[in-house]
$ cat query-v8.pdb   # PDB, C-alpha atoms
MODEL        1
ATOM      1  CA  MET A   7      69.430 109.786  70.664
ATOM      2  CA  LYS A   8      67.901 110.086  74.080
ATOM      3  CA  THR A   9      69.804 108.373  76.845
ATOM      4  CA  LEU A  10      68.219 106.985  79.939
ATOM      5  CA  GLU A  11      69.052 109.124  82.912
ATOM      6  CA  PRO A  12      69.333 107.482  86.259
ATOM      7  CA  ALA A  13      66.698 108.543  88.721
ATOM      8  CA  TYR A  14      67.770 110.863  91.574
ATOM      9  CA  GLY A  15      70.724 112.166  89.604
ATOM     10  CA  GLY A  16      72.637 108.928  89.642
ATOM     11  CA  HIS A  17      72.423 108.459  93.377
ATOM     12  CA  SER A  18      70.687 105.521  94.929
ATOM     13  CA  ARG A  19      67.032 106.113  95.692
ATOM     14  CA  PRO A  20      66.465 107.217  99.299
ATOM     15  CA  GLY A  21      65.677 104.230 101.447
ATOM     16  CA  SER A  22      66.890 101.754  98.807
ATOM     17  CA  GLU A  23      70.173 100.965 100.575
ATOM     18  CA  PRO A  24      70.459  97.256 101.285
ATOM     19  CA  LYS A  25      69.300  96.346 104.769
ATOM     20  CA  ILE A  26      72.060  93.827 104.979
ATOM     21  CA  SER A  27      75.365  93.995 103.141
ATOM     22  CA  ASN A  28      76.158  91.544 100.341
ATOM     23  CA  SER A  29      79.145  90.216 102.280
ATOM     24  CA  ALA A  30      77.045  89.554 105.380
ATOM     25  CA  LEU A  31      74.189  88.023 103.362
ATOM     26  CA  GLY A  32      76.601  85.737 101.519
ATOM     27  CA  MET A  33      78.130  84.670 104.806
ATOM     28  CA  ILE A  34      74.683  84.034 106.335
ATOM     29  CA  ALA A  35      73.797  81.793 103.360
ATOM     30  CA  PHE A  36      77.085  79.923 103.781
ATOM     31  CA  ILE A  37      76.556  79.549 107.539
ATOM     32  CA  GLY A  38      73.062  78.226 106.799
ATOM     33  CA  THR A  39      74.505  75.408 104.691
ATOM     34  CA  GLU A  40      77.114  74.691 107.352
ATOM     35  CA  LEU A  41      74.447  74.560 110.048
ATOM     36  CA  MET A  42      72.549  71.977 108.018
ATOM     37  CA  PHE A  43      75.760  69.989 107.642
ATOM     38  CA  PHE A  44      76.318  69.999 111.406
ATOM     39  CA  ALA A  45      72.634  69.186 111.989
ATOM     40  CA  ALA A  46      73.006  66.114 109.748
ATOM     41  CA  LEU A  47      76.102  64.974 111.689
ATOM     42  CA  ILE A  48      74.326  65.541 115.007
ATOM     43  CA  SER A  49      71.272  63.619 113.772
ATOM     44  CA  ALA A  50      73.376  60.623 112.783
ATOM     45  CA  PHE A  51      75.229  60.803 116.099
ATOM     46  CA  LEU A  52      72.024  60.934 118.169
ATOM     47  CA  ILE A  53      70.404  57.994 116.382
ATOM     48  CA  ILE A  54      73.497  55.794 116.518
ATOM     49  CA  SER A  55      74.327  56.661 120.146
ATOM     50  CA  SER A  56      70.781  56.046 121.366
ATOM     51  CA  ALA A  57      70.571  52.735 119.492
ATOM     52  CA  ALA A  58      73.836  51.529 121.052
ATOM     53  CA  GLU A  59      73.722  49.218 124.077
ATOM     54  CA  ALA A  60      76.339  51.315 125.907
ATOM     55  CA  TRP A  61      77.504  54.811 125.071
ATOM     56  CA  PRO A  62      80.429  55.469 125.356
ATOM     57  CA  PRO A  63      81.215  51.829 124.484
ATOM     58  CA  GLU A  64      83.093  49.622 126.923
ATOM     59  CA  GLY A  65      86.870  49.655 126.576
ATOM     60  CA  GLN A  66      87.049  53.003 124.838
ATOM     61  CA  PRO A  67      88.931  55.914 126.443
ATOM     62  CA  ARG A  68      86.830  58.658 127.986
ATOM     63  CA  LEU A  69      86.969  62.147 126.519
ATOM     64  CA  PRO A  70      88.788  64.963 128.377
ATOM     65  CA  ILE A  71      85.746  66.798 129.719
ATOM     66  CA  TYR A  72      87.433  69.281 132.062
ATOM     67  CA  VAL A  73      90.314  70.342 129.815
ATOM     68  CA  THR A  74      87.870  70.858 126.967
ATOM     69  CA  ALA A  75      85.535  72.821 129.257
ATOM     70  CA  LEU A  76      88.411  75.188 130.044
ATOM     71  CA  ASN A  77      89.279  75.322 126.367
ATOM     72  CA  SER A  78      85.639  76.214 125.656
ATOM     73  CA  LEU A  79      86.042  79.254 127.912
ATOM     74  CA  VAL A  80      88.976  80.326 125.737
ATOM     75  CA  LEU A  81      86.740  80.077 122.672
ATOM     76  CA  PHE A  82      83.943  82.041 124.359
ATOM     77  CA  ALA A  83      86.460  84.701 125.362
ATOM     78  CA  SER A  84      87.537  84.956 121.732
ATOM     79  CA  GLY A  85      83.883  85.463 120.742
ATOM     80  CA  TRP A  86      83.610  88.298 123.246
ATOM     81  CA  MET A  87      86.861  89.835 121.954
ATOM     82  CA  MET A  88      85.497  89.680 118.423
ATOM     83  CA  PHE A  89      82.366  91.505 119.526
ATOM     84  CA  LYS A  90      84.460  94.190 121.251
ATOM     85  CA  ALA A  91      86.719  94.500 118.190
ATOM     86  CA  TYR A  92      83.721  95.097 115.913
ATOM     87  CA  GLN A  93      82.322  97.720 118.281
ATOM     88  CA  SER A  94      85.735  99.374 118.392
ATOM     89  CA  PHE A  95      86.072  99.329 114.578
ATOM     90  CA  LYS A  96      82.661 100.964 114.172
ATOM     91  CA  VAL A  97      83.675 103.826 116.494
ATOM     92  CA  THR A  98      87.429 104.278 116.020
ATOM     93  CA  SER A  99      88.024 102.500 112.652
ATOM     94  CA  PHE A 100      91.725 101.734 112.207
ATOM     95  CA  SER A 101      92.840 102.294 115.770
ATOM     96  CA  GLU A 102      95.529 100.433 117.667
ATOM     97  CA  GLY A 103      92.864  99.131 120.074
ATOM     98  CA  THR A 104      90.838  97.492 117.292
ATOM     99  CA  SER A 105      93.958  95.840 115.899
ATOM    100  CA  LYS A 106      94.882  94.489 119.332
ATOM    101  CA  LEU A 107      91.384  93.111 119.886
ATOM    102  CA  VAL A 108      91.388  91.321 116.505
ATOM    103  CA  LYS A 109      94.819  89.850 117.226
ATOM    104  CA  THR A 110      93.687  88.717 120.681
ATOM    105  CA  THR A 111      90.672  87.006 119.074
ATOM    106  CA  MET A 112      92.958  85.277 116.607
ATOM    107  CA  TRP A 113      95.413  84.081 119.272
ATOM    108  CA  LEU A 114      92.607  82.780 121.475
ATOM    109  CA  GLY A 115      91.342  80.870 118.442
ATOM    110  CA  ILE A 116      94.829  79.470 117.818
ATOM    111  CA  ILE A 117      95.091  78.385 121.487
ATOM    112  CA  PHE A 118      91.704  76.627 121.218
ATOM    113  CA  VAL A 119      92.756  74.703 118.105
ATOM    114  CA  ALA A 120      96.194  73.884 119.561
ATOM    115  CA  VAL A 121      94.746  72.491 122.822
ATOM    116  CA  GLN A 122      92.258  70.434 120.799
ATOM    117  CA  GLY A 123      95.157  69.083 118.745
ATOM    118  CA  ILE A 124      97.124  68.119 121.860
ATOM    119  CA  GLU A 125      94.067  66.324 123.270
ATOM    120  CA  TRP A 126      93.602  64.473 119.994
ATOM    121  CA  ILE A 127      97.199  63.222 120.086
ATOM    122  CA  ARG A 128      96.611  61.945 123.642
ATOM    123  CA  LEU A 129      93.340  60.244 122.662
ATOM    124  CA  LEU A 130      95.021  58.578 119.674
ATOM    125  CA  SER A 131      97.741  57.250 121.975
ATOM    126  CA  TYR A 132      95.028  55.831 124.265
ATOM    127  CA  GLY A 133      93.562  53.926 121.317
ATOM    128  CA  LEU A 134      90.630  56.106 120.273
ATOM    129  CA  THR A 135      90.813  56.227 116.473
ATOM    130  CA  MET A 136      88.409  56.672 113.572
ATOM    131  CA  THR A 137      88.263  52.894 113.154
ATOM    132  CA  SER A 138      88.332  51.808 116.801
ATOM    133  CA  SER A 139      84.563  52.242 117.206
ATOM    134  CA  GLN A 140      81.572  54.274 116.097
ATOM    135  CA  TYR A 141      82.288  56.417 119.147
ATOM    136  CA  GLY A 142      85.745  57.299 117.836
ATOM    137  CA  ALA A 143      84.478  57.774 114.293
ATOM    138  CA  PHE A 144      81.798  60.235 115.381
ATOM    139  CA  PHE A 145      84.146  62.052 117.754
ATOM    140  CA  TYR A 146      86.794  62.712 115.101
ATOM    141  CA  LEU A 147      84.226  63.457 112.399
ATOM    142  CA  ILE A 148      82.143  65.976 114.362
ATOM    143  CA  ILE A 149      84.872  67.613 116.434
ATOM    144  CA  GLY A 150      87.291  67.475 113.492
ATOM    145  CA  THR A 151      84.785  69.236 111.258
ATOM    146  CA  HIS A 152      84.459  71.964 113.868
ATOM    147  CA  ALA A 153      88.256  72.215 114.112
ATOM    148  CA  ILE A 154      88.514  72.684 110.332
ATOM    149  CA  HIS A 155      85.983  75.515 110.594
ATOM    150  CA  ALA A 156      87.939  77.050 113.481
ATOM    151  CA  ILE A 157      91.180  76.897 111.458
ATOM    152  CA  GLY A 158      89.397  78.497 108.480
ATOM    153  CA  ALA A 159      88.077  81.246 110.739
ATOM    154  CA  VAL A 160      91.541  81.859 112.209
ATOM    155  CA  ILE A 161      92.887  82.278 108.662
ATOM    156  CA  GLY A 162      90.040  84.743 108.034
ATOM    157  CA  LEU A 163      90.994  86.620 111.205
ATOM    158  CA  ARG A 164      94.618  86.802 110.054
ATOM    159  CA  ARG A 165      93.529  88.335 106.757
ATOM    160  CA  LEU A 166      91.267  90.720 108.669
ATOM    161  CA  SER A 167      94.186  91.739 110.871
ATOM    162  CA  LEU A 168      96.438  92.390 107.846
ATOM    163  CA  LYS A 169      93.768  94.488 106.116
ATOM    164  CA  LEU A 170      93.244  96.396 109.336
ATOM    165  CA  GLU A 171      96.949  97.200 109.568
ATOM    166  CA  LYS A 172      97.041  98.350 105.935
ATOM    167  CA  GLY A 173      93.940 100.487 106.484
ATOM    168  CA  ILE A 174      91.954  98.841 103.682
ATOM    169  CA  LEU A 175      89.377  96.938 105.713
ATOM    170  CA  ARG A 176      85.706  97.513 104.909
ATOM    171  CA  LEU A 177      83.008  97.280 107.578
ATOM    172  CA  GLU A 178      81.141  94.681 105.459
ATOM    173  CA  THR A 179      84.187  92.400 105.406
ATOM    174  CA  PHE A 180      84.515  92.748 109.162
ATOM    175  CA  GLN A 181      80.829  91.836 109.552
ATOM    176  CA  ALA A 182      81.250  88.702 107.422
ATOM    177  CA  VAL A 183      84.300  87.446 109.325
ATOM    178  CA  GLN A 184      82.615  88.296 112.616
ATOM    179  CA  LEU A 185      79.535  86.270 111.632
ATOM    180  CA  PHE A 186      81.663  83.253 110.756
ATOM    181  CA  TRP A 187      83.578  83.485 114.022
ATOM    182  CA  PHE A 188      80.306  83.720 115.961
ATOM    183  CA  PHE A 189      79.144  80.603 114.127
ATOM    184  CA  VAL A 190      82.303  78.727 115.158
ATOM    185  CA  VAL A 191      81.864  79.880 118.778
ATOM    186  CA  GLY A 192      78.075  79.371 118.827
ATOM    187  CA  VAL A 193      77.996  75.825 117.481
ATOM    188  CA  TRP A 194      80.694  74.632 119.898
ATOM    189  CA  PRO A 195      78.599  74.376 123.126
ATOM    190  CA  ILE A 196      76.064  72.184 121.279
ATOM    191  CA  LEU A 197      78.824  69.858 120.107
ATOM    192  CA  TYR A 198      80.485  69.822 123.514
ATOM    193  CA  VAL A 199      77.295  68.855 125.342
ATOM    194  CA  LEU A 200      76.355  66.213 122.750
ATOM    195  CA  VAL A 201      79.728  64.587 122.156
ATOM    196  CA  TYR A 202      81.643  65.127 125.406
ATOM    197  CA  LEU A 203      78.867  64.950 127.989
ATOM    198  CA  SER A 204      76.731  62.177 126.461
TER     199      SER A 204
ATOM    200  CA  MET B  10      50.939  41.298  84.507
ATOM    201  CA  LYS B  11      51.873  38.938  87.335
ATOM    202  CA  LYS B  12      55.020  40.963  88.003
ATOM    203  CA  LEU B  13      53.003  44.160  88.185
ATOM    204  CA  LEU B  14      50.525  42.519  90.558
ATOM    205  CA  GLY B  15      53.426  41.305  92.692
ATOM    206  CA  LEU B  16      54.922  44.782  92.829
ATOM    207  CA  LEU B  17      51.610  46.158  94.048
ATOM    208  CA  ILE B  18      51.009  43.421  96.630
ATOM    209  CA  ILE B  19      54.474  43.376  98.254
ATOM    210  CA  PRO B  20      54.311  46.913  99.705
ATOM    211  CA  ALA B  21      50.790  46.236 100.955
ATOM    212  CA  ILE B  22      51.665  43.082 102.904
ATOM    213  CA  SER B  23      55.100  44.017 104.212
ATOM    214  CA  SER B  24      54.882  45.313 107.762
ATOM    215  CA  GLU B  25      58.288  46.928 107.858
ATOM    216  CA  SER B  26      61.119  47.769 105.539
ATOM    217  CA  PHE B  27      64.451  46.317 106.550
ATOM    218  CA  ALA B  28      66.240  48.635 104.144
ATOM    219  CA  CYS B  29      65.656  51.398 106.653
ATOM    220  CA  SER B  30      68.034  51.057 109.579
ATOM    221  CA  VAL B  31      65.675  52.851 111.931
ATOM    222  CA  CYS B  32      62.489  50.893 111.110
ATOM    223  CA  SER B  33      63.976  47.726 112.590
ATOM    224  CA  VAL B  34      65.162  49.491 115.743
ATOM    225  CA  THR B  35      63.258  48.274 118.772
ATOM    226  CA  ASN B  36      64.964  50.669 121.166
ATOM    227  CA  GLU B  37      62.508  53.381 122.159
ATOM    228  CA  ALA B  38      65.264  55.963 122.721
ATOM    229  CA  ALA B  39      66.543  55.473 119.164
ATOM    230  CA  ARG B  40      63.042  55.827 117.773
ATOM    231  CA  TYR B  41      62.596  59.052 119.744
ATOM    232  CA  ALA B  42      65.992  60.304 118.490
ATOM    233  CA  TYR B  43      64.884  59.551 114.938
ATOM    234  CA  TYR B  44      61.688  61.602 115.333
ATOM    235  CA  ALA B  45      63.499  64.453 117.108
ATOM    236  CA  THR B  46      66.231  64.720 114.479
ATOM    237  CA  THR B  47      63.676  64.512 111.667
ATOM    238  CA  ALA B  48      61.918  67.499 113.236
ATOM    239  CA  LEU B  49      65.264  69.290 113.649
ATOM    240  CA  LEU B  50      66.289  68.795 110.032
ATOM    241  CA  THR B  51      62.844  69.828 108.800
ATOM    242  CA  LEU B  52      62.431  72.935 110.931
ATOM    243  CA  LEU B  53      65.997  74.279 111.029
ATOM    244  CA  PRO B  54      66.047  75.637 107.441
ATOM    245  CA  LEU B  55      62.626  77.203 107.959
ATOM    246  CA  PHE B  56      63.775  78.949 111.139
ATOM    247  CA  MET B  57      66.988  80.114 109.467
ATOM    248  CA  ILE B  58      65.248  81.595 106.428
ATOM    249  CA  GLY B  59      62.492  82.991 108.650
ATOM    250  CA  GLY B  60      65.104  84.576 110.909
ATOM    251  CA  VAL B  61      66.818  86.369 108.033
ATOM    252  CA  VAL B  62      63.482  87.562 106.599
ATOM    253  CA  TYR B  63      62.376  88.784 110.058
ATOM    254  CA  TYR B  64      65.687  90.634 110.548
ATOM    255  CA  ILE B  65      65.430  92.381 107.171
ATOM    256  CA  ALA B  66      61.742  93.238 107.749
ATOM    257  CA  ARG B  67      62.579  94.699 111.175
ATOM    258  CA  LYS B  68      65.379  96.839 109.763
ATOM    259  CA  ASP B  69      63.046  98.041 107.000
ATOM    260  CA  ARG B  70      60.561  99.521 109.488
TER     261      ARG B  70
ENDMDL
END
$ encode --input "query-v8.pdb" --output "structure tokens"
Amino acid sequence: MKTLEPAYGGHSRPGSEPKISNSALGMIAFIGTELMFFAALISAFLIISSAAEAWPPEGQPRLPIYVTALNSLVLFASGWMMFKAYQSFKVTSFSEGTSKLVKTTMWLGIIFVAVQGIEWIRLLSYGLTMTSSQYGAFFYLIIGTHAIHAIGAVIGLRRLSLKLEKGILRLETFQAVQLFWFFVVGVWPILYVLVYLS
Amino acid sequence: MKKLLGLLIIPAISSESFACSVCSVTNEAARYAYYATTALLTLLPLFMIGGVVYYIARKDR
């Protein structure tokens, strides 16, 4: 019985390598759905805020613009660290430098989430809650959703760091985590300008 | 038959639908926000898919 022999002696056909890895493509598809989710939240926020007589409403506490601006710089720095870590991994693979850069990214992410949490506790004590007004509801919904994504990304970074230390990290996995972290960093300025500066 | 006729006439004579929260908005800024976000939600998926296709096509060259 004649068996089918794979073309090119079992090797993949020249030029048939995927242009984008499965991990990265899967992450891009996921980020696409998340972007649509954020776009829907932003749409609702814009329509409600522009239909309101006063925004932010009278009697509601104002959001901490300056502290959050500084905290945004921490998040941007983490994005830059992630970029440097990926470049380092491509060149030196499992080096000490790459590991340090990934850990720095993770800790900057943790600082961002922690400062956000502290600000939330202060805002709650000032009376801004989910039920105090539409302003509060949108603030906690939009910024909270971003915080959940940031926490998820920090967990991803922790796993990345562990795999890096064990020497079992694949470049594709690094790409996927990097893409998600860039999404978390990239969507933040839009949310900051819309929610904090409106 | 009368019910059917009524169903056909009502949409023709009603000037606005109060079921839609935006249709009754008289604020011009809210109306503009509605149009802008409609455009955003329509175009964003197209740009995203287009971006990925463009990236793959560029790498294929």
$ atom_distance --input "query-v8.pdb" --atom1 "atom CA of Gln140 of chain A" --atom2 "atom CA of Phe51 of chain A"
9.1 Å
$ resolve_selection --input "query-v8.pdb" --expression "the PyMOL selection byres ((chain A and resi 111) around 8)" --output "PyMOL selection string"
chain A and resi 83-85+87-88+107-110+112-115+163
$ resolve_selection --input "query-v8.pdb" --expression "the ChimeraX specification (/B :<9) & /A" --output "list in words"
Gly21, Lys25, Ile26, Leu31, Ile34, Gly38, Thr39, Leu41, Met42, Ala45, Ala46, Ile48, Ser49, Ala50, Leu52, Ile53, Ile54, Ser55, Ser56, Ala57 and Ala58 of chain A
$ atom_distance --input "query-v8.pdb" --atom1 "atom CA of Ser105 of chain A" --atom2 "atom CA of Ser167 of chain A"
6.5 Å
$ closest_residue --input "query-v8.pdb" --among "A:Leu177, A:Ile157, A:Ile127, A:Leu168" --to "Gln93 of chain A" --atoms "all atoms listed in the file"
A:Leu177
$ atom_distance --input "query-v8.pdb" --atom1 "atom CA of His152 of chain A" --atom2 "atom CA of Phe44 of chain A"
8.7 Å
$ resolve_selection --input "query-v8.pdb" --expression "the PyMOL selection byres ((chain A and resi 198) around 12)" --output "ChimeraX atom specification"
/A:48,69-79,145,148-149,152,191-197,199-204
$ residues_around --input "query-v8.pdb" --residues "Ala156 of chain A" --least-positions-apart "3" --cutoff "10 Å" --atoms "all atoms listed in the file" --output "list in words"
Leu81, Gly115, Ile116, Phe118, Val119, Gly150, Thr151, His152, Ala153, Ala159, Val160, Ile161, Gly162, Phe186, Trp187, Phe189, Val190, Val191 and Trp194 of chain A
$ axis_aligned_box --input "query-v8.pdb" --around "segment 10-19 of chain B" --padding-each-side "5 Å" --output "AutoDock Vina command-line options"
--center_x 52.8 --center_y 42.5 --center_z 91.4 --size_x 14.5 --size_y 17.2 --size_z 23.7
